[in-house]
file final_18.pdb (PDB, C-alpha atoms)
ATOM      1  CA  MET F  21    -104.326 -71.892   8.512
ATOM      2  CA  ALA F  22    -101.025 -70.920   9.978
ATOM      3  CA  LYS F  23    -101.178 -68.630  12.837
ATOM      4  CA  ILE F  24     -99.723 -65.261  11.957
ATOM      5  CA  GLN F  25     -97.430 -64.134  14.682
ATOM      6  CA  LYS F  26     -97.784 -60.606  15.765
ATOM      7  CA  GLY F  27     -94.654 -58.432  15.894
ATOM      8  CA  LYS F  28     -92.032 -59.532  18.337
ATOM      9  CA  GLN F  29     -92.187 -57.935  21.691
ATOM     10  CA  ASN F  30     -89.797 -54.948  21.753
ATOM     11  CA  ARG F  31     -86.883 -55.435  24.099
ATOM     12  CA  GLU F  32     -85.465 -52.435  25.890
ATOM     13  CA  ALA F  33     -82.363 -51.125  24.063
ATOM     14  CA  PHE F  34     -79.377 -50.644  26.263
ATOM     15  CA  ILE F  35     -75.710 -49.801  25.866
ATOM     16  CA  PRO F  36     -73.402 -51.706  28.130
ATOM     17  CA  THR F  37     -71.483 -49.204  30.230
ATOM     18  CA  SER F  38     -69.790 -51.529  32.642
ATOM     19  CA  SER F  39     -66.456 -51.302  30.785
ATOM     20  CA  MET F  40     -66.589 -47.486  30.562
ATOM     21  CA  SER F  41     -64.507 -47.022  33.689
ATOM     22  CA  ASP F  42     -61.884 -49.442  32.344
ATOM     23  CA  ILE F  43     -61.607 -47.364  29.173
ATOM     24  CA  ALA F  44     -61.430 -44.137  31.152
ATOM     25  CA  PHE F  45     -58.704 -45.463  33.428
ATOM     26  CA  LEU F  46     -56.750 -46.769  30.445
ATOM     27  CA  LEU F  47     -56.876 -43.277  28.925
ATOM     28  CA  LEU F  48     -55.839 -41.789  32.229
ATOM     29  CA  LEU F  49     -52.905 -44.193  32.506
ATOM     30  CA  PHE F  50     -51.880 -43.361  28.942
ATOM     31  CA  PHE F  51     -51.797 -39.634  29.731
ATOM     32  CA  MET F  52     -49.937 -40.202  32.980
ATOM     33  CA  VAL F  53     -47.312 -42.446  31.397
ATOM     34  CA  SER F  54     -46.746 -40.305  28.316
ATOM     35  CA  THR F  55     -46.553 -36.962  30.103
ATOM     36  CA  VAL F  56     -43.060 -35.644  30.629
ATOM     37  CA  PHE F  57     -42.854 -32.983  33.280
ATOM     38  CA  VAL F  58     -40.409 -30.169  32.766
ATOM     39  CA  GLN F  59     -38.237 -30.063  35.833
ATOM     40  CA  GLU F  60     -37.850 -26.828  37.625
ATOM     41  CA  LYS F  61     -34.363 -25.610  36.937
ATOM     42  CA  LYS F  62     -32.302 -22.959  38.560
ATOM     43  CA  PHE F  63     -31.659 -21.477  35.158
ATOM     44  CA  TRP F  64     -34.808 -20.995  33.223
ATOM     45  CA  VAL F  65     -36.383 -18.355  30.995
ATOM     46  CA  GLU F  66     -40.098 -18.122  31.667
ATOM     47  CA  ARG F  67     -42.372 -17.735  28.681
ATOM     48  CA  ASP F  68     -43.444 -14.254  29.749
ATOM     49  CA  ARG F  69     -39.783 -13.163  29.593
ATOM     50  CA  TRP F  70     -39.479 -14.060  25.899
ATOM     51  CA  PRO F  71     -39.550 -11.246  23.372
ATOM     52  CA  ARG F  72     -42.783 -10.640  21.482
ATOM     53  CA  ALA F  73     -43.169 -10.887  17.721
ATOM     54  CA  ASP F  74     -45.799 -11.151  14.998
ATOM     55  CA  THR F  75     -44.132 -13.398  12.474
ATOM     56  CA  ILE F  76     -43.477 -16.439  14.593
ATOM     57  CA  GLU F  77     -43.496 -19.880  13.035
ATOM     58  CA  ARG F  78     -43.739 -23.330  14.567
ATOM     59  CA  ILE F  79     -40.482 -25.192  14.774
ATOM     60  CA  PRO F  80     -40.597 -28.997  14.762
ATOM     61  CA  ARG F  81     -39.085 -30.247  18.009
ATOM     62  CA  ASN F  82     -37.316 -33.315  16.643
ATOM     63  CA  ASN F  83     -34.346 -31.458  15.144
ATOM     64  CA  THR F  84     -33.902 -28.798  17.759
ATOM     65  CA  THR F  85     -31.552 -28.087  20.588
ATOM     66  CA  THR F  86     -32.211 -25.213  22.965
ATOM     67  CA  ILE F  87     -29.756 -22.689  24.314
ATOM     68  CA  TYR F  88     -30.984 -20.586  27.216
ATOM     69  CA  VAL F  89     -29.499 -17.131  27.645
ATOM     70  CA  MET F  90     -30.327 -15.506  30.955
ATOM     71  CA  LYS F  91     -30.490 -11.787  31.688
ATOM     72  CA  ASP F  92     -27.170 -11.993  33.584
ATOM     73  CA  GLU F  93     -25.616 -13.490  30.417
ATOM     74  CA  THR F  94     -25.420 -17.015  31.831
ATOM     75  CA  ILE F  95     -25.775 -19.459  28.978
ATOM     76  CA  LEU F  96     -27.285 -22.884  29.484
ATOM     77  CA  ILE F  97     -26.588 -25.642  26.996
ATOM     78  CA  ASP F  98     -27.338 -29.302  27.790
ATOM     79  CA  ASP F  99     -28.240 -28.209  31.324
ATOM     80  CA  VAL F 100     -24.677 -26.966  31.881
ATOM     81  CA  PRO F 101     -24.444 -23.278  32.769
ATOM     82  CA  THR F 102     -21.545 -21.364  31.298
ATOM     83  CA  LYS F 103     -20.427 -17.830  30.507
ATOM     84  CA  ILE F 104     -18.391 -16.684  27.566
ATOM     85  CA  GLU F 105     -15.466 -14.850  29.109
ATOM     86  CA  SER F 106     -13.123 -14.678  26.138
ATOM     87  CA  GLU F 107     -12.814 -15.610  22.481
ATOM     88  CA  GLU F 108     -10.851 -18.735  23.431
ATOM     89  CA  ASP F 109     -13.884 -20.047  25.300
ATOM     90  CA  VAL F 110     -15.199 -22.656  22.869
ATOM     91  CA  MET F 111     -17.420 -24.805  25.043
ATOM     92  CA  ILE F 112     -20.542 -23.996  23.040
ATOM     93  CA  THR F 113     -18.775 -24.607  19.733
ATOM     94  CA  ASN F 114     -17.608 -28.029  20.913
ATOM     95  CA  ALA F 115     -21.049 -28.966  22.232
ATOM     96  CA  LEU F 116     -22.666 -27.942  18.957
ATOM     97  CA  ILE F 117     -20.099 -29.746  16.793
ATOM     98  CA  ALA F 118     -20.979 -32.936  18.684
ATOM     99  CA  LYS F 119     -24.683 -32.298  18.176
ATOM    100  CA  LYS F 120     -24.202 -31.583  14.487
ATOM    101  CA  ASP F 121     -22.323 -34.863  14.052
ATOM    102  CA  GLU F 122     -25.337 -36.662  15.480
ATOM    103  CA  ASN F 123     -27.872 -34.685  13.483
ATOM    104  CA  PRO F 124     -26.702 -32.519  10.557
ATOM    105  CA  GLU F 125     -30.169 -30.905  10.272
ATOM    106  CA  ILE F 126     -30.025 -29.442  13.754
ATOM    107  CA  VAL F 127     -31.791 -26.137  14.473
ATOM    108  CA  VAL F 128     -30.522 -24.139  17.442
ATOM    109  CA  CYS F 129     -33.346 -22.483  19.352
ATOM    110  CA  PHE F 130     -32.569 -19.497  21.511
ATOM    111  CA  ARG F 131     -34.727 -19.077  24.578
ATOM    112  CA  THR F 132     -33.463 -15.720  25.687
ATOM    113  CA  ASP F 133     -34.661 -13.219  28.234
ATOM    114  CA  ARG F 134     -35.870 -10.174  26.326
ATOM    115  CA  GLU F 135     -33.727  -7.832  28.441
ATOM    116  CA  THR F 136     -30.467  -9.666  27.772
ATOM    117  CA  LYS F 137     -27.763  -7.509  26.244
ATOM    118  CA  TYR F 138     -27.270  -8.301  22.577
ATOM    119  CA  GLY F 139     -23.494  -8.691  23.105
ATOM    120  CA  ALA F 140     -24.031 -12.040  24.861
ATOM    121  CA  MET F 141     -26.198 -13.263  21.973
ATOM    122  CA  SER F 142     -23.646 -12.091  19.463
ATOM    123  CA  ASP F 143     -20.888 -14.075  21.216
ATOM    124  CA  VAL F 144     -23.013 -17.216  21.158
ATOM    125  CA  MET F 145     -23.884 -16.753  17.482
ATOM    126  CA  ARG F 146     -20.200 -16.414  16.636
ATOM    127  CA  GLN F 147     -19.638 -19.800  18.250
ATOM    128  CA  LEU F 148     -22.551 -21.195  16.253
ATOM    129  CA  GLN F 149     -20.882 -20.032  13.067
ATOM    130  CA  ASP F 150     -17.631 -21.702  14.160
ATOM    131  CA  ALA F 151     -19.552 -24.939  14.689
ATOM    132  CA  GLU F 152     -21.311 -24.456  11.326
ATOM    133  CA  THR F 153     -24.730 -24.781  12.925
ATOM    134  CA  LEU F 154     -26.232 -21.960  10.965
ATOM    135  CA  VAL F 155     -29.969 -22.474  11.220
ATOM    136  CA  VAL F 156     -31.219 -20.682  14.312
ATOM    137  CA  ALA F 157     -34.589 -19.782  15.741
ATOM    138  CA  PHE F 158     -35.238 -17.030  18.226
ATOM    139  CA  GLU F 159     -38.101 -18.170  20.390
ATOM    140  CA  ALA F 160     -40.745 -15.525  20.847
ATOM    141  CA  GLN F 161     -44.334 -15.321  21.925
ATOM    142  CA  LYS F 162     -47.111 -14.010  19.767
ATOM    143  CA  GLN F 163     -47.790 -10.322  20.090
ATOM    144  CA  HIS F 164     -51.355  -9.579  21.175
TER
ATOM    145  CA  MET R 191     -88.763 -67.764  72.449
ATOM    146  CA  LYS R 192     -87.662 -67.867  68.872
ATOM    147  CA  VAL R 193     -84.400 -66.049  68.262
ATOM    148  CA  GLY R 194     -84.308 -64.652  64.760
ATOM    149  CA  ARG R 195     -80.983 -64.620  62.973
ATOM    150  CA  LYS R 196     -80.451 -61.658  60.804
ATOM    151  CA  ARG R 197     -79.468 -62.528  57.279
ATOM    152  CA  LYS R 198     -76.214 -60.842  56.325
ATOM    153  CA  GLY R 199     -76.434 -58.648  53.221
ATOM    154  CA  LYS R 200     -73.856 -59.125  50.498
ATOM    155  CA  ALA R 201     -71.011 -56.574  50.824
ATOM    156  CA  GLU R 202     -70.636 -54.468  47.690
ATOM    157  CA  ILE R 203     -68.661 -51.430  46.650
ATOM    158  CA  PRO R 204     -70.653 -49.185  44.375
ATOM    159  CA  THR R 205     -68.695 -48.757  41.143
ATOM    160  CA  ALA R 206     -71.290 -46.982  39.072
ATOM    161  CA  SER R 207     -69.647 -43.577  39.542
ATOM    162  CA  MET R 208     -66.121 -44.885  38.876
ATOM    163  CA  SER R 209     -66.218 -43.823  35.212
ATOM    164  CA  ASP R 210     -67.369 -40.334  36.218
ATOM    165  CA  ILE R 211     -64.378 -39.986  38.529
ATOM    166  CA  ALA R 212     -61.998 -41.269  35.853
ATOM    167  CA  PHE R 213     -63.370 -38.903  33.220
ATOM    168  CA  LEU R 214     -63.153 -35.993  35.630
ATOM    169  CA  LEU R 215     -59.500 -36.843  36.220
ATOM    170  CA  ILE R 216     -58.879 -36.996  32.453
ATOM    171  CA  VAL R 217     -60.568 -33.639  31.924
ATOM    172  CA  PHE R 218     -58.449 -32.181  34.715
ATOM    173  CA  PHE R 219     -55.215 -33.465  33.135
ATOM    174  CA  MET R 220     -56.249 -32.287  29.677
ATOM    175  CA  ALA R 221     -57.177 -28.830  30.915
ATOM    176  CA  THR R 222     -54.035 -28.294  32.962
ATOM    177  CA  THR R 223     -51.489 -29.719  30.517
ATOM    178  CA  LYS R 224     -49.408 -27.135  28.729
ATOM    179  CA  PHE R 225     -47.452 -28.321  25.741
ATOM    180  CA  ASP R 226     -43.931 -27.005  25.357
ATOM    181  CA  VAL R 227     -44.313 -25.785  21.792
ATOM    182  CA  LYS R 228     -41.380 -24.232  20.005
ATOM    183  CA  GLU R 229     -42.311 -21.063  18.192
ATOM    184  CA  GLY R 230     -40.047 -18.324  17.003
ATOM    185  CA  ILE R 231     -38.310 -16.457  14.242
ATOM    186  CA  LYS R 232     -36.138 -18.659  12.070
ATOM    187  CA  ILE R 233     -32.977 -17.291  10.483
ATOM    188  CA  VAL R 234     -30.013 -18.808   8.669
ATOM    189  CA  LEU R 235     -26.695 -17.337   9.758
ATOM    190  CA  PRO R 236     -23.921 -16.742   7.238
ATOM    191  CA  ALA R 237     -21.024 -19.190   7.326
ATOM    192  CA  ALA R 238     -17.872 -18.092   9.132
ATOM    193  CA  ALA R 239     -14.833 -17.161   7.031
ATOM    194  CA  PRO R 240     -12.709 -20.271   6.451
ATOM    195  CA  GLU R 241      -9.855 -20.739   8.899
ATOM    196  CA  GLY R 242      -6.466 -19.514   7.720
ATOM    197  CA  SER R 243      -8.002 -17.218   5.163
ATOM    198  CA  GLN R 244      -7.487 -13.524   5.413
ATOM    199  CA  LYS R 245     -10.492 -11.343   6.044
ATOM    200  CA  ALA R 246     -13.514 -12.271   3.997
ATOM    201  CA  GLU R 247     -13.772 -10.501   0.689
ATOM    202  CA  THR R 248     -15.321  -7.103   1.180
ATOM    203  CA  ILE R 249     -17.873  -5.895  -1.303
ATOM    204  CA  GLN R 250     -19.034  -2.321  -1.128
ATOM    205  CA  LEU R 251     -22.789  -2.035  -1.560
ATOM    206  CA  GLY R 252     -24.585   1.226  -2.109
ATOM    207  CA  GLU R 253     -27.774   2.309  -0.377
ATOM    208  CA  ASP R 254     -29.737   1.134  -3.389
ATOM    209  CA  LYS R 255     -28.708  -2.462  -2.622
ATOM    210  CA  MET R 256     -28.262  -2.512   1.132
ATOM    211  CA  THR R 257     -30.041  -0.763   3.988
ATOM    212  CA  ARG R 258     -28.310  -0.420   7.340
ATOM    213  CA  LEU R 259     -30.549  -0.525  10.390
ATOM    214  CA  GLN R 260     -28.385   0.348  13.347
ATOM    215  CA  ILE R 261     -29.911  -0.276  16.765
ATOM    216  CA  GLU R 262     -28.304   1.833  19.477
ATOM    217  CA  ALA R 263     -27.996   0.878  23.152
ATOM    218  CA  ASP R 264     -30.992   3.050  24.080
ATOM    219  CA  GLY R 265     -33.242   1.371  21.496
ATOM    220  CA  THR R 266     -33.137   4.153  18.925
ATOM    221  CA  ILE R 267     -32.641   3.128  15.320
ATOM    222  CA  ALA R 268     -30.531   4.790  12.649
ATOM    223  CA  VAL R 269     -31.558   4.048   9.072
ATOM    224  CA  ASN R 270     -28.510   4.261   6.780
ATOM    225  CA  LYS R 271     -26.703   7.516   7.556
ATOM    226  CA  GLU R 272     -29.608   9.218   9.302
ATOM    227  CA  ALA R 273     -29.348  10.192  12.951
ATOM    228  CA  PRO R 274     -30.686   7.573  15.384
ATOM    229  CA  ARG R 275     -34.228   8.155  16.566
ATOM    230  CA  GLU R 276     -37.137   6.293  18.075
ATOM    231  CA  ILE R 277     -39.074   4.502  15.363
ATOM    232  CA  GLU R 278     -42.455   2.919  16.042
ATOM    233  CA  ASN R 279     -43.422  -0.388  14.444
ATOM    234  CA  HIS R 280     -45.759   1.086  11.819
ATOM    235  CA  GLU R 281     -43.140   3.635  10.744
ATOM    236  CA  LEU R 282     -40.500   0.926  10.549
ATOM    237  CA  ASP R 283     -42.909  -1.125   8.400
ATOM    238  CA  ASN R 284     -43.312   1.833   6.035
ATOM    239  CA  ILE R 285     -39.542   2.382   5.758
ATOM    240  CA  ILE R 286     -38.944  -1.299   4.991
ATOM    241  CA  MET R 287     -41.857  -1.427   2.531
ATOM    242  CA  LYS R 288     -40.515   1.590   0.660
ATOM    243  CA  LYS R 289     -37.010   0.118   0.489
ATOM    244  CA  LEU R 290     -38.417  -3.135  -0.866
ATOM    245  CA  GLN R 291     -40.476  -1.273  -3.459
ATOM    246  CA  ASP R 292     -37.293   0.437  -4.641
ATOM    247  CA  ASN R 293     -35.402  -2.832  -4.760
ATOM    248  CA  ASN R 294     -37.069  -6.178  -4.171
ATOM    249  CA  ASP R 295     -33.683  -7.807  -3.468
ATOM    250  CA  MET R 296     -32.719  -5.243  -0.863
ATOM    251  CA  ILE R 297     -30.300  -6.531   1.791
ATOM    252  CA  PHE R 298     -31.088  -5.359   5.318
ATOM    253  CA  LYS R 299     -28.120  -5.228   7.629
ATOM    254  CA  VAL R 300     -29.243  -5.117  11.242
ATOM    255  CA  ILE R 301     -26.360  -3.808  13.357
ATOM    256  CA  THR R 302     -27.166  -4.077  17.029
ATOM    257  CA  ASP R 303     -25.129  -2.396  19.734
ATOM    258  CA  ARG R 304     -23.678  -4.889  22.234
ATOM    259  CA  ASP R 305     -25.459  -3.030  25.049
ATOM    260  CA  ALA R 306     -28.839  -2.895  23.301
ATOM    261  CA  GLU R 307     -31.613  -5.159  24.512
ATOM    262  CA  TYR R 308     -32.057  -8.411  22.608
ATOM    263  CA  SER R 309     -35.772  -7.674  22.225
ATOM    264  CA  GLN R 310     -34.895  -4.608  20.115
ATOM    265  CA  MET R 311     -33.129  -6.798  17.575
ATOM    266  CA  ILE R 312     -36.068  -9.216  17.555
ATOM    267  CA  ARG R 313     -38.458  -6.294  16.995
ATOM    268  CA  VAL R 314     -36.551  -5.124  13.907
ATOM    269  CA  VAL R 315     -36.144  -8.645  12.491
ATOM    270  CA  ASP R 316     -39.844  -9.267  13.136
ATOM    271  CA  ARG R 317     -40.794  -6.117  11.202
ATOM    272  CA  LEU R 318     -38.476  -7.173   8.352
ATOM    273  CA  LYS R 319     -40.066 -10.625   8.246
ATOM    274  CA  SER R 320     -43.556  -9.140   8.348
ATOM    275  CA  GLN R 321     -42.732  -7.123   5.207
ATOM    276  CA  ARG R 322     -41.326 -10.263   3.580
ATOM    277  CA  ALA R 323     -37.744  -9.055   3.474
ATOM    278  CA  GLU R 324     -35.660 -12.117   2.758
ATOM    279  CA  LYS R 325     -32.091 -10.927   2.852
ATOM    280  CA  ILE R 326     -31.377 -10.123   6.482
ATOM    281  CA  SER R 327     -27.926  -9.902   7.967
ATOM    282  CA  LEU R 328     -27.208  -9.660  11.691
ATOM    283  CA  SER R 329     -24.116  -8.052  13.096
ATOM    284  CA  THR R 330     -22.877  -6.033  16.035
ATOM    285  CA  ASN R 331     -20.449  -3.211  16.556
TER
END
call {"tool": "encode", "arguments": {"input": "final_18.pdb", "output": "structure tokens"}}
result
Amino acid sequence: MAKIQKGKQNREAFIPTSSMSDIAFLLLLFFMVSTVFVQEKKFWVERDRWPRADTIERIPRNNTTTIYVMKDETILIDDVPTKIESEEDVMITNALIAKKDENPEIVVCFRTDRETKYGAMSDVMRQLQDAETLVVAFEAQKQH
Amino acid sequence: MKVGRKRKGKAEIPTASMSDIAFLLIVFFMATTKFDVKEGIKIVLPAAAPEGSQKAETIQLGEDKMTRLQIEADGTIAVNKEAPREIENHELDNIIMKKLQDNNDMIFKVITDRDAEYSQMIRVVDRLKSQRAEKISLSTN
């Protein structure tokens, strides 16, 4: 009679963890390579200086260009600070016409200090109309 | 006398905690990263009058079709021909709601003084958006 073998001896189950550190470092490298740091600029509007609102919506980044308007009415477009002194000053219009040629769906985002006088904003918006970039977004932070 | 030679142990760097360090670093990066998200109030501006043309055609609209919200330099708001006064958010909501009940296609013209704070304009536009007013016009005096 054949000898009936008893159940095989149970081996200890184990998960190989030797490559765990490789995976972790790969992830770390991915984060480090893909992170883009925002450079500290002289002209900048901190998030806590934005106006507050309830009805904010997310704006996809791919079609946007940002115009910063500081409290002292300095306007920053493409990292170039400027001020609108007169109606003949069309620097913003020209910059936006060039952007619109590249991307007709462009949305102009305003990152404006909440204490800026509306006159400065109005001057910029007039230039936007001249450049026919009519879709704008006023960046704001959610009201608590 | 027998001189015993010590056997040299194999040099080794312990790597068992390497993954812990790496994961800690990842957690640190994930916790401290702030994404630059764009959030705000979206509006479509009216097109400028074509060059060479005389002034754009003027259409007179009565109060039943258009509501003027004039923001003064001190932040007070004048609704249509009323005297400017301080209006809180909930009161502004009620005014807008009532206007929209009277006419669902009501046009809201927000006229902001050049010396008024930008946040005042945003506050009014925000209230208009919250009441689902769709026809909003921005201008200044």
call {"tool": "interface_residues", "arguments": {"input": "final_18.pdb", "of": "chain F", "to": "chain R", "cutoff": "6 Å", "atoms": "only C-alpha atoms", "output": "list in words"}}
result
Met40, Ser41, Ala44, Phe45, Leu48, Pro71, Ala73, Thr75, Ile76, Glu77, Arg78, Ile79, Arg134, Glu135, Thr136, Lys137, Tyr138, Gly139, Gln149, Leu154, Val155, Val156, Ala157, Phe158, Glu159 and Ala160 of chain F
call {"tool": "resolve_selection", "arguments": {"input": "final_18.pdb", "expression": "the PyMOL selection byres ((chain F and resi 108-112) around 10)", "output": "list in words"}}
result
Ile87, Ile95, Leu96, Ile97, Asp98, Thr102, Lys103, Ile104, Glu105, Ser106, Glu107, Thr113, Asn114, Ala115, Leu116, Ile117, Ala118, Val144, Met145, Arg146, Gln147, Leu148, Asp150 and Ala151 of chain F
call {"tool": "atom_distance", "arguments": {"input": "final_18.pdb", "atom1": "atom CA of Asn123 of chain F", "atom2": "atom CA of Gln161 of chain F"}}
result
26.8 Å
call {"tool": "atom_distance", "arguments": {"input": "final_18.pdb", "atom1": "atom CA of Lys120 of chain F", "atom2": "atom CA of Arg67 of chain F"}}
result
26.9 Å
call {"tool": "residues_around", "arguments": {"input": "final_18.pdb", "residues": "Lys271 of chain R", "least_positions_apart": "6", "cutoff": "10 Å", "atoms": "only C-alpha atoms", "output": "PDB file with C-alpha atoms, in the coordinates of the input"}}
result
ATOM      1  CA  GLU R 253     -27.774   2.309  -0.377  1.00  0.00           C
ATOM      2  CA  THR R 257     -30.041  -0.763   3.988  1.00  0.00           C
ATOM      3  CA  ARG R 258     -28.310  -0.420   7.340  1.00  0.00           C
ATOM      4  CA  LEU R 259     -30.549  -0.525  10.390  1.00  0.00           C
ATOM      5  CA  GLN R 260     -28.385   0.348  13.347  1.00  0.00           C
TER       6      GLN R 260
END
call {"tool": "resolve_selection", "arguments": {"input": "final_18.pdb", "expression": "the PyMOL selection byres ((chain F and resi 127) around 7)", "output": "PDB file with C-alpha atoms, in the frame of the given file"}}
result
ATOM      1  CA  ASN F  83     -34.346 -31.458  15.144  1.00  0.00           C
ATOM      2  CA  THR F  84     -33.902 -28.798  17.759  1.00  0.00           C
ATOM      3  CA  THR F  85     -31.552 -28.087  20.588  1.00  0.00           C
ATOM      4  CA  GLU F 125     -30.169 -30.905  10.272  1.00  0.00           C
ATOM      5  CA  ILE F 126     -30.025 -29.442  13.754  1.00  0.00           C
ATOM      6  CA  VAL F 128     -30.522 -24.139  17.442  1.00  0.00           C
ATOM      7  CA  CYS F 129     -33.346 -22.483  19.352  1.00  0.00           C
ATOM      8  CA  VAL F 155     -29.969 -22.474  11.220  1.00  0.00           C
ATOM      9  CA  VAL F 156     -31.219 -20.682  14.312  1.00  0.00           C
TER      10      VAL F 156
END
call {"tool": "atom_distance", "arguments": {"input": "final_18.pdb", "atom1": "atom CA of Lys91 of chain F", "atom2": "atom CA of Ile326 of chain R"}}
result
25.3 Å
call {"tool": "closest_residue", "arguments": {"input": "final_18.pdb", "among": "F:Asn82, F:Ile43, F:Thr153, F:Val89", "to": "Pro101 of chain F", "atoms": "all atoms listed in the file"}}
result
F:Val89
call {"tool": "closest_residue", "arguments": {"input": "final_18.pdb", "among": "F:Arg69, F:Thr37, F:Glu93, F:Thr86", "to": "Asp143 of chain F", "atoms": "only C-alpha atoms"}}
result
F:Glu93
call {"tool": "residues_near_point", "arguments": {"input": "final_18.pdb", "point": "(-27.4, -4.7, 0.3)", "cutoff": "8 Å", "atoms": "all atoms listed in the file", "output": "PyMOL selection string"}}
result
chain R and resi 251-257+295-299
call {"tool": "residues_near_point", "arguments": {"input": "final_18.pdb", "point": "(-32.8, -18.6, 31.2)", "cutoff": "6 Å", "atoms": "only C-alpha atoms", "output": "list in words"}}
result
Phe63, Trp64, Val65, Tyr88, Val89 and Met90 of chain F
call {"tool": "axis_aligned_box", "arguments": {"input": "final_18.pdb", "around": "segment 262-266 of chain R", "padding_each_side": "8 Å", "output": "lines of an AutoDock Vina configuration file"}}
result
center_x = -30.6
center_y = 2.5
center_z = 21.5
size_x = 21.2
size_y = 19.3
size_z = 21.2
call {"tool": "resolve_selection", "arguments": {"input": "final_18.pdb", "expression": "the PyMOL selection byres ((chain R and resi 282) around 10)", "output": "list of chain:residue names"}}
result
R:Ile267, R:Val269, R:Glu276, R:Ile277, R:Glu278, R:Asn279, R:His280, R:Glu281, R:Asp283, R:Asn284, R:Ile285, R:Ile286, R:Met287, R:Lys288, R:Arg313, R:Val314, R:Arg317, R:Leu318, R:Gln321
